[in-house]
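Next up, start_24.txt (compact mmCIF, C-alpha atoms):
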```
# COMPACT_ATOMS: atom_id res chain seq x y z
CA MET A 3 172.28 97.93 138.18
CA GLN A 4 176.06 98.22 137.92
CA ALA A 5 177.39 100.18 134.96
CA LYS A 6 179.66 97.31 133.91
CA THR A 7 176.66 94.99 133.50
CA GLN A 8 174.91 97.50 131.26
CA LEU A 9 177.51 98.05 128.56
CA PHE A 10 179.66 95.77 126.42
CA PRO A 11 181.73 96.13 123.23
CA TYR A 12 180.83 95.17 119.66
CA PHE A 13 183.36 95.23 116.84
CA GLN A 14 182.87 96.48 113.27
CA PRO A 15 185.40 95.34 110.64
CA ILE A 16 187.54 97.82 108.70
CA ILE A 17 188.50 96.57 105.23
CA SER A 18 191.63 97.31 103.21
CA VAL A 19 190.84 98.13 99.58
CA ALA A 20 194.24 96.93 98.37
CA SER A 21 194.27 93.51 100.04
CA GLY A 22 190.55 92.93 100.50
CA LYS A 23 191.24 91.73 104.03
CA ILE A 24 189.93 92.85 107.40
CA VAL A 25 192.79 94.89 108.81
CA GLY A 26 191.16 96.17 111.95
CA TYR A 27 188.05 96.79 114.00
CA GLU A 28 186.34 99.71 115.61
CA ALA A 29 185.16 99.00 119.15
CA LEU A 30 181.64 100.33 119.76
CA ALA A 31 179.72 100.47 123.03
CA ARG A 32 176.45 98.52 123.14
CA GLN A 33 173.69 97.91 125.69
CA TYR A 34 170.36 96.08 125.95
CA ASP A 35 167.11 98.02 125.62
CA ASP A 36 163.93 97.31 127.57
CA LYS A 37 163.07 94.47 125.19
CA GLY A 38 166.46 92.82 125.46
CA LYS A 39 167.61 94.00 122.04
CA VAL A 40 171.24 95.06 121.53
CA VAL A 41 171.38 98.79 120.74
CA SER A 42 174.00 101.52 120.57
CA ALA A 43 175.03 103.10 123.84
CA GLY A 44 175.87 106.39 122.16
CA ALA A 45 172.85 108.17 123.60
CA LEU A 46 173.94 107.21 127.11
CA PHE A 47 177.29 108.96 126.70
CA SER A 48 175.65 112.15 125.45
CA SER A 49 172.79 112.16 127.95
CA ALA A 50 172.54 115.18 130.25
CA GLU A 51 171.17 112.84 132.92
CA VAL A 52 174.51 111.03 133.18
CA ASP A 53 177.22 113.00 134.95
CA ALA A 54 180.75 113.28 133.56
CA LYS A 55 182.25 110.97 136.19
CA THR A 56 179.80 108.18 135.36
CA ARG A 57 180.37 108.59 131.61
CA ILE A 58 184.12 108.28 132.11
CA GLU A 59 183.65 105.17 134.24
CA LEU A 60 181.37 103.59 131.63
CA ASP A 61 183.78 104.46 128.87
CA ARG A 62 186.72 102.84 130.68
CA GLN A 63 184.74 99.71 131.47
CA VAL A 64 183.78 99.18 127.83
CA ARG A 65 187.32 99.99 126.72
CA TRP A 66 188.75 97.39 129.09
CA GLN A 67 186.33 94.73 127.85
CA ALA A 68 187.17 95.55 124.23
CA LEU A 69 190.92 95.38 124.84
CA GLU A 70 190.57 92.19 126.87
CA LYS A 71 188.78 90.46 124.00
CA PHE A 72 191.17 91.93 121.44
CA SER A 73 194.13 90.53 123.37
CA GLU A 74 192.76 87.04 122.69
CA LEU A 75 192.45 87.56 118.91
CA ALA A 76 194.61 85.09 116.97
CA ASP A 77 195.22 87.55 114.12
CA THR A 78 198.08 89.57 115.53
CA GLN A 79 198.32 91.82 112.45
CA SER A 80 194.94 93.56 112.86
CA TYR A 81 194.42 96.73 114.83
CA LEU A 82 191.72 98.05 117.15
CA ALA A 83 190.30 101.57 117.02
CA LEU A 84 189.11 102.96 120.34
CA ASN A 85 186.78 105.96 120.40
CA ILE A 86 187.77 108.63 122.86
CA SER A 87 185.56 111.68 123.16
CA ALA A 88 187.24 115.05 123.08
CA ALA A 89 184.94 115.95 125.99
CA TRP A 90 186.64 113.22 128.03
CA ILE A 91 190.00 114.73 127.12
CA GLU A 92 188.77 118.13 128.23
CA ASN A 93 187.93 116.69 131.67
CA LEU A 94 191.27 114.94 132.05
CA ARG A 95 193.21 116.64 134.82
CA GLN A 96 196.63 114.97 134.56
CA LEU A 97 198.01 114.37 131.08
CA ASN A 98 200.49 111.83 132.42
CA THR A 99 197.63 109.60 133.57
CA LEU A 100 196.22 107.88 130.48
CA PRO A 101 194.20 104.78 131.47
CA THR A 102 194.42 103.23 128.00
CA LEU A 103 198.18 102.87 128.31
CA ARG A 104 197.84 101.09 131.65
CA MET A 105 195.24 98.74 130.17
CA LEU A 106 197.54 97.86 127.27
CA ASP A 107 200.36 97.06 129.66
CA GLU A 108 198.15 94.88 131.85
CA LEU A 109 196.88 92.93 128.84
CA ASN A 110 200.28 92.82 127.12
CA ILE A 111 198.94 94.30 123.86
CA ASP A 112 201.34 95.71 121.29
CA ARG A 113 200.66 99.45 121.35
CA ARG A 114 201.32 99.70 117.63
CA ARG A 115 198.07 97.79 117.07
CA ILE A 116 195.94 100.42 118.78
CA ILE A 117 194.41 103.51 117.17
CA VAL A 118 192.94 106.23 119.33
CA GLU A 119 190.01 107.75 117.44
CA ILE A 120 189.11 111.21 118.69
CA SER A 121 185.62 112.45 117.94
CA ASN A 122 183.84 115.75 118.61
CA ALA A 123 185.56 119.10 118.19
CA HIS A 124 185.01 120.93 121.48
CA VAL A 125 188.39 120.69 123.16
CA ASP A 126 191.36 122.98 123.73
CA PRO A 127 193.65 122.35 120.71
CA GLN A 128 196.79 122.75 122.83
CA LYS A 129 195.63 120.18 125.37
CA LEU A 130 194.56 117.85 122.57
CA LYS A 131 197.97 118.23 120.95
CA GLN A 132 199.76 117.35 124.21
CA ILE A 133 197.69 114.20 124.74
CA VAL A 134 198.18 113.09 121.14
CA GLN A 135 201.93 113.57 121.48
CA ARG A 136 201.89 111.37 124.57
CA TYR A 137 199.91 108.64 122.79
CA ARG A 138 202.32 108.74 119.86
CA LYS A 139 205.33 108.65 122.18
CA HIS A 140 204.03 105.30 123.41
CA GLY A 141 203.50 103.89 119.90
CA LEU A 142 199.76 104.45 119.39
CA SER A 143 198.33 105.90 116.17
CA VAL A 144 195.74 108.67 116.19
CA ALA A 145 192.65 109.10 114.04
CA ILE A 146 190.14 111.91 113.69
CA GLY A 147 186.63 110.49 113.66
CA ASP A 148 183.49 111.95 112.06
CA PHE A 149 185.61 114.29 109.96
CA GLY A 150 183.34 116.73 108.16
CA ALA A 151 180.77 116.94 110.97
CA GLY A 152 180.91 120.19 112.91
CA ALA A 153 182.95 123.32 112.51
CA SER A 154 186.55 123.49 113.73
CA GLN A 155 187.78 120.22 112.22
CA LEU A 156 190.68 121.70 110.28
CA GLU A 157 191.99 123.17 113.53
CA ARG A 158 192.21 119.63 114.90
CA VAL A 159 194.09 118.43 111.82
CA ILE A 160 196.63 121.21 112.26
CA ALA A 161 196.94 120.54 115.99
CA ILE A 162 197.41 116.77 115.97
CA GLN A 163 198.39 115.85 112.37
CA PRO A 164 196.41 112.57 112.48
CA ASP A 165 197.54 109.25 111.06
CA ILE A 166 193.99 108.50 109.93
CA ILE A 167 190.98 110.59 108.94
CA LYS A 168 187.59 108.89 109.10
CA ILE A 169 184.99 110.61 106.92
CA ASP A 170 181.76 111.45 108.72
CA MET A 171 179.04 108.97 107.72
CA ARG A 172 176.40 111.63 107.06
CA LEU A 173 178.76 113.67 104.88
CA PHE A 174 179.81 110.55 102.99
CA LYS A 175 176.23 109.50 102.24
CA LEU A 176 175.42 113.01 101.07
CA ALA A 177 178.54 113.03 98.87
CA THR A 178 177.50 109.85 97.03
CA LYS A 179 174.60 111.87 95.62
CA GLY A 180 176.99 114.38 94.05
CA GLY A 181 177.17 118.14 94.46
CA ILE A 182 179.46 120.11 96.75
CA ALA A 183 179.56 117.33 99.36
CA GLY A 184 181.32 115.16 96.78
CA ASP A 185 183.84 117.93 96.15
CA ILE A 186 184.49 118.16 99.89
CA ILE A 187 185.23 114.42 100.07
CA HIS A 188 187.69 114.74 97.18
CA MET A 189 189.29 117.72 98.96
CA ILE A 190 189.68 115.68 102.15
CA SER A 191 191.22 112.86 100.11
CA ARG A 192 193.76 115.27 98.61
CA LEU A 193 194.48 116.58 102.10
CA GLY A 194 195.18 113.02 103.21
CA LYS A 195 197.59 112.44 100.34
CA ARG A 196 199.44 115.67 101.04
CA THR A 197 199.79 114.98 104.77
CA GLY A 198 200.27 111.20 104.69
CA CYS A 199 196.89 110.45 106.34
CA ARG A 200 195.05 107.26 105.54
CA ILE A 201 191.40 107.80 104.66
CA ILE A 202 188.56 105.61 105.96
CA CYS A 203 185.10 105.96 104.46
CA GLU A 204 182.49 105.03 107.03
CA GLY A 205 178.89 104.14 106.16
CA VAL A 206 179.63 102.15 102.99
CA GLU A 207 176.37 100.29 102.51
CA SER A 208 176.17 99.52 98.77
CA ASP A 209 178.35 98.62 95.79
CA GLU A 210 177.81 102.14 94.45
CA ALA A 211 179.05 103.68 97.69
CA PHE A 212 182.11 101.43 97.58
CA LEU A 213 182.89 102.49 94.00
CA PHE A 214 182.45 106.13 94.98
CA SER A 215 184.92 105.62 97.83
CA LEU A 216 187.47 104.19 95.42
CA ASN A 217 186.99 107.18 93.15
CA CYS A 218 187.70 109.43 96.15
CA GLY A 219 190.93 107.58 96.89
CA ALA A 220 189.90 105.96 100.20
CA GLN A 221 192.26 103.20 101.33
CA PHE A 222 189.89 101.65 103.87
CA MET A 223 186.15 100.99 104.11
CA GLN A 224 183.73 100.39 106.92
CA GLY A 225 180.00 99.79 106.67
CA PHE A 226 177.00 97.50 106.38
CA LEU A 227 178.02 96.42 102.86
CA PHE A 228 180.38 94.08 104.68
CA ALA A 229 179.20 93.80 108.24
CA LYS A 230 177.50 95.54 111.12
CA ALA A 231 179.23 95.66 114.46
CA GLU A 232 179.12 92.22 116.05
CA ALA A 233 180.15 90.63 119.31
CA ASP A 234 182.88 88.48 117.76
CA PHE A 235 185.79 89.01 115.40
CA GLN A 236 185.72 87.55 111.88
CA HIS A 237 188.12 85.78 109.55
CA ALA A 238 190.41 88.31 107.89
CA GLU A 239 189.74 86.87 104.40
CA LEU A 240 185.94 86.80 104.72
CA TYR A 241 185.29 89.63 102.23
CA GLU A 242 188.31 89.18 100.01
CA GLN A 243 186.43 87.83 96.96
CA HIS A 244 183.73 90.46 97.30
CA ILE A 245 186.32 93.24 97.37
CA ALA A 246 188.14 91.73 94.38
CA SER A 247 184.93 91.71 92.32
CA LEU A 248 184.22 95.34 93.26
CA ARG A 249 187.74 96.42 92.31
CA THR A 250 187.29 94.70 88.93
CA LYS A 251 183.96 96.47 88.44
CA PHE A 252 185.55 99.79 89.36
CA LEU A 253 188.40 99.31 86.87
CA LYS A 254 186.01 98.35 84.08
CA ASN A 255 183.65 101.26 84.69
CA THR A 256 186.42 103.80 85.23
CA LEU A 257 188.32 102.69 82.14
CA VAL A 258 185.26 103.40 79.97
CA LYS A 259 184.81 106.85 81.54
CA VAL A 260 188.48 107.76 81.22
CA GLN A 261 188.60 106.62 77.59
CA LYS A 262 185.63 108.86 76.77
CA LYS A 263 187.28 111.72 78.65
CA VAL A 264 190.59 111.25 76.84
CA SER A 265 188.79 111.10 73.49
CA ALA A 266 186.92 114.33 74.28
CA ILE A 267 190.13 116.05 75.42
CA ASN A 268 191.94 115.00 72.25
CA THR A 269 189.09 116.37 70.13
CA THR A 270 189.23 119.68 72.01
CA LYS A 271 193.02 119.86 71.74
CA THR A 272 192.86 119.24 67.99
CA LEU A 273 190.42 122.15 67.72
CA ILE A 274 192.68 124.34 69.87
CA TYR A 275 195.73 123.57 67.73
CA LYS A 276 193.66 124.51 64.67
CA LEU A 277 192.56 127.71 66.40
CA ALA A 278 196.16 128.56 67.27
CA GLU A 279 197.16 128.13 63.65
CA THR A 280 194.36 130.41 62.48
CA LEU A 281 195.29 133.08 65.02
CA GLN A 282 198.77 133.39 63.56
CA ASP A 283 197.29 135.89 61.06
CA ASP A 284 194.29 138.17 61.01
CA PHE A 285 191.12 136.16 61.44
CA ASN A 286 187.40 136.59 61.05
CA LEU A 287 185.59 135.64 64.23
CA ASN A 288 182.42 134.78 62.32
CA GLU A 289 184.28 132.16 60.28
CA LEU A 290 184.83 130.18 63.46
CA VAL A 291 181.09 129.53 63.75
CA SER A 292 181.37 126.72 61.23
CA TRP A 293 183.85 124.88 63.46
CA ASN A 294 182.66 122.28 65.94
CA PHE A 295 182.91 124.45 69.05
CA THR A 296 179.56 123.34 70.46
CA ASP A 297 180.67 119.73 70.95
CA SER A 298 184.13 120.82 72.15
CA GLY A 299 182.80 122.58 75.25
CA VAL A 300 184.79 125.75 74.48
CA ILE A 301 183.13 128.82 75.99
CA ARG A 302 185.82 131.46 75.38
CA PHE A 303 189.40 132.17 74.35
CA TYR A 304 191.77 135.11 74.79
CA LEU A 305 195.45 136.00 74.34
CA CYS A 306 198.16 136.97 76.83
CA ASN A 307 201.72 138.19 76.46
CA ASN A 308 204.69 136.49 78.12
CA HIS A 309 204.15 138.52 81.29
CA GLY A 310 200.62 137.22 81.72
CA ASP A 311 198.88 140.45 80.64
CA GLN A 312 195.69 139.84 78.67
CA ILE A 313 196.20 141.60 75.31
CA SER A 314 192.95 140.65 73.60
CA PRO A 315 189.29 140.81 74.51
CA ASP A 316 187.47 137.69 75.63
CA PHE A 317 186.03 135.92 72.63
CA ASN A 318 182.95 134.24 74.10
CA PHE A 319 181.04 131.43 72.41
CA LYS A 320 177.35 130.97 73.25
CA GLU A 321 174.42 129.51 71.35
CA ASN A 322 176.58 128.96 68.28
CA GLN A 323 177.60 132.62 68.13
CA TRP A 324 180.75 134.55 69.03
CA PHE A 325 180.74 137.70 71.16
CA THR A 326 183.61 140.04 71.99
CA ASP A 327 184.08 141.34 75.53
CA PRO A 328 187.00 143.80 76.08
CA ARG A 329 186.55 144.30 79.86
CA LYS A 330 189.48 142.06 80.87
CA ILE A 331 192.09 143.57 78.57
CA GLY A 332 195.03 144.45 80.83
CA PHE A 333 194.20 141.85 83.50
CA ASN A 334 197.20 139.78 84.54
CA TRP A 335 197.05 135.97 84.80
CA SER A 336 200.72 135.20 85.49
CA TRP A 337 199.81 133.87 88.95
CA ARG A 338 197.55 131.13 87.55
CA PRO A 339 199.20 127.65 87.50
CA TYR A 340 198.27 126.97 83.87
CA PHE A 341 200.28 130.05 82.88
CA PHE A 342 203.53 129.63 84.80
CA GLN A 343 203.50 125.85 84.27
CA LEU A 344 203.49 126.43 80.52
CA LEU A 345 206.49 128.76 80.80
CA ALA A 346 208.31 126.29 83.07
CA LEU A 347 207.82 123.47 80.55
CA GLU A 348 209.12 125.70 77.78
CA ASN A 349 212.19 126.64 79.80
CA CYS A 350 212.86 122.91 80.22
CA GLY A 351 212.65 122.36 76.47
CA ASP A 352 209.10 120.97 76.35
CA ARG A 353 207.30 123.12 73.80
CA ASN A 354 204.01 122.92 71.92
CA ARG A 355 202.34 121.41 75.00
CA VAL A 356 198.76 122.12 76.02
CA VAL A 357 198.68 122.72 79.79
CA THR A 358 195.35 122.12 81.53
CA SER A 359 194.20 123.69 84.79
CA GLU A 360 192.29 122.01 87.59
CA ARG A 361 188.52 122.18 87.50
CA TYR A 362 186.93 125.38 88.81
CA MET A 363 183.61 127.24 88.84
CA ASP A 364 183.49 129.96 86.21
CA PHE A 365 182.10 133.14 87.80
CA GLU A 366 180.38 134.44 84.68
CA THR A 367 178.64 131.27 83.50
CA SER A 368 178.46 129.25 86.78
CA LEU A 369 179.81 126.30 84.82
CA LEU A 370 182.54 123.90 85.95
CA CYS A 371 185.43 124.70 83.67
CA LYS A 372 189.08 124.12 82.89
CA THR A 373 191.52 126.48 81.21
CA LEU A 374 193.91 125.20 78.54
CA SER A 375 197.03 127.18 77.64
CA LEU A 376 199.14 126.86 74.48
CA ARG A 377 202.06 128.79 73.05
CA LEU A 378 200.84 130.79 70.04
CA ASP A 379 204.09 132.45 68.99
CA SER A 380 207.18 133.93 70.64
CA GLU A 381 205.17 136.82 72.11
CA ARG A 382 201.67 135.44 72.66
CA ILE A 383 199.96 132.64 74.60
CA LEU A 384 196.50 131.31 73.82
CA LEU A 385 194.14 130.61 76.76
CA VAL A 386 190.96 128.62 76.16
CA ASP A 387 188.20 128.07 78.74
CA THR A 388 186.24 124.84 78.29
CA VAL A 389 183.37 123.21 80.15
CA SER A 390 184.66 120.36 82.29
CA GLY A 391 182.84 117.05 82.03
CA ASP A 392 184.60 115.51 85.08
```
If you convert what's in this file into structure tokens, what do you get?
Amino acid sequence: MQAKTQLFPYFQPIISVASGKIVGYEALARQYDDKGKVVSAGALFSSAEVDAKTRIELDRQVRWQALEKFSELADTQSYLALNISAAWIENLRQLNTLPTLRMLDELNIDRRRIIVEISNAHVDPQKLKQIVQRYRKHGLSVAIGDFGAGASQLERVIAIQPDIIKIDMRLFKLATKGGIAGDIIHMISRLGKRTGCRIICEGVESDEAFLFSLNCGAQFMQGFLFAKAEADFQHAELYEQHIASLRTKFLKNTLVKVQKKVSAINTTKTLIYKLAETLQDDFNLNELVSWNFTDSGVIRFYLCNNHGDQISPDFNFKENQWFTDPRKIGFNWSWRPYFFQLLALENCGDRNRVVTSERYMDFETSLLCKTLSLRLDSERILLVDTVSGD
């Protein structure tokens, strides 16, 4: 049986969070199984029984079919993402010979509507960089697929500086359950913001997963919540109302959470201002027990001079009692953002401000914490570690 009769493309919609519209499609290779059911052809491309030459031929045949059908799409604003294995790139002998570009010319497709999605990590970064530069020179965008699966992914980001990062489906599903996987997704989202990458969350299969994606800052979604890959393209507005209702739900839920967080922060800040006032003179640590430190989340406080040197012991709060720990006297914290940001604000005339750090894991308690800094007097700065409820 000829390879071209075995494989054919299906198209899965990619949804814009902001507009609610289908903005593009990912082309996926499909084949019929022994029972005539349409199944993924992914196993065929990774099979050791299929030689590299045959895999490349199959890949090009499916790509041509996908582009041919895409060229007939009435919606000229949508884009098409084509998967190109890094293994195929590794086998490419002449960088000047890129079949996709020839196909686009033959079908008269605007190259700006095509995204080359590169999956798998096993490829020479320098060669990958050269190919990406050639694609970009001809107007194509470049995405990294399955980001978070495998090892040397950051090396690829540095090498090709992608336009799009698509979060690995398995990592995304794990992240929706919380834990460190969720922190990794947030880190990737921040990376995207810093580098100008658009983020696509793949594998969005429920309202909860969609809301999680919004919380992570993803601009685009792809998954069974909207549609599986199908043989035909769909109306761009098909999911617009569904997306609008989910955005409304997200705003409502997030507003409640943020209001609670702001209320808790204000309560803690009020307590910290009171503590700062008390520390102006000699104080009795035991008298602080009667304050509402348990509900505030405060676990310790200490004092630094203007150079960042810790000049007091740690005053630790645990089980409604205070304990003194002098081991960090003399440590310097001037390199911590919450310290130099406070000084910078003061130098700009903004005084009496509580500066809050990002969330971090406290080594001693293994709790997620934040540090709050506040000017105590002309010579001293108050630092307060609190449990983070984020």
Find the residues around range 200-207 of chain A up to 9 Å (only C-alpha atoms counted), leave out those fewer than 4 positions away in its own chain, and share them as a PyMOL selection string.
chain A and resi 16+148+164-172+174-175+190-191+194-195+211-212+215+219-228
Can you pull out every residue within 8 Å of Ala266 in chain A, counting all atoms listed in the file, but drop anything in the same chain fewer than 4 positions away, and send it as a list of chain:residue names?
A:Lys262, A:Thr270, A:Ser298
Just write the chosen residues, C-alpha atoms, as a PDB file, keeping the file's coordinate frame.
```pdb
ATOM      1  CA  LYS A 262     185.630 108.860  76.770  1.00  0.00           C
ATOM      2  CA  THR A 270     189.230 119.680  72.010  1.00  0.00           C
ATOM      3  CA  SER A 298     184.130 120.820  72.150  1.00  0.00           C
TER       4      SER A 298
END
```
Name the residues in contact with range 306-313 of chain A at a cut-off of 6 Å, using only C-alpha atoms, excluding same-chain residues fewer than 2 positions from it; report them as a list in words.
Ile331, Gly332, Phe333, Asn334, Trp335, Ser336, Glu381, Arg382 and Ile383 of chain A
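Atom to atom, CA of Gly180 in chain A and CA of His244 in chain A stand 25.1 Å apart.
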Could you list, as an NGL selection string, every residue within 10 Å of Gln128 in chain A, counting all atoms listed in the file and ignoring same-chain residues fewer than 5 positions away?
:A and (133-134 or 158 or 161-162)
With all atoms listed in the file as the atoms that count, which of A:Leu173, A:Leu370, A:Ala246, A:Leu103 lies nearest to Trp66 in chain A?
A:Leu103
Which residue, A:Ile117, A:Asn318, A:Pro11, A:Asn110, has the smallest gap to Arg65 in chain A when you use only C-alpha atoms?
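The answer is A:Pro11, which sits nearest to Arg65 in chain A.
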Exercise: Lys263 in chain A partners within 12 Å, only C-alpha atoms, chain neighbours under 4 positions left out, as an MDAnalysis selection string:
chainID A and resid 256:259 267:270 298 390:392
Which of A:Val19, A:Val300, A:Met363, A:Asn85 sits closest to Asn217 in chain A [using only C-alpha atoms]:
A:Val19
Distance CA of Val389 in chain A-CA of Leu305 in chain A, one decimal place?
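If I compute the distance from CA of Val389 in chain A to CA of Leu305 in chain A, I get 18.5 Å.
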Name the closest residue to Ser359 in chain A among the candidates A:Leu216, A:Leu176, A:Val260, A:Leu385; distances are taken between atoms, counting all atoms listed in the file.
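Nearest candidate to Ser359 in chain A out of A:Leu216, A:Leu176, A:Val260, A:Leu385: A:Leu385.
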Calculate how many Å separate CA of Gly38 in chain A from CA of Phe235 in chain A, rounding to one decimal.
22.1 Å
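Candidate residues A:Leu376, A:Leu347, A:Ile116, A:Leu100 were compared for distance to Arg136 in chain A, and the nearest is A:Leu100, using only C-alpha atoms.
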A:Ile86, A:Ile24, A:Ile17, A:Ala183: which is nearest Phe47 in chain A, counting all atoms listed in the file?
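For Phe47 in chain A, the nearest of the candidates is A:Ile86.
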Taking (196.2, 132.1, 65.7) in the coordinates of the supplied file, I want to know which residues reach to within 10 Å of it, counting all atoms listed in the file; could you give the answer as number ranges by chain?
A: 274-285, 305, 377-379, 382-384
For range 104-110 of chain A, what centre and edge lengths in Å (one decimal) does the axis-aligned box get once 6 Å is added on each side of all its listed atoms, as lines of an AutoDock Vina configuration file?
```
center_x = 197.8
center_y = 97.0
center_z = 129.5
size_x = 17.1
size_y = 20.3
size_z = 16.7
```
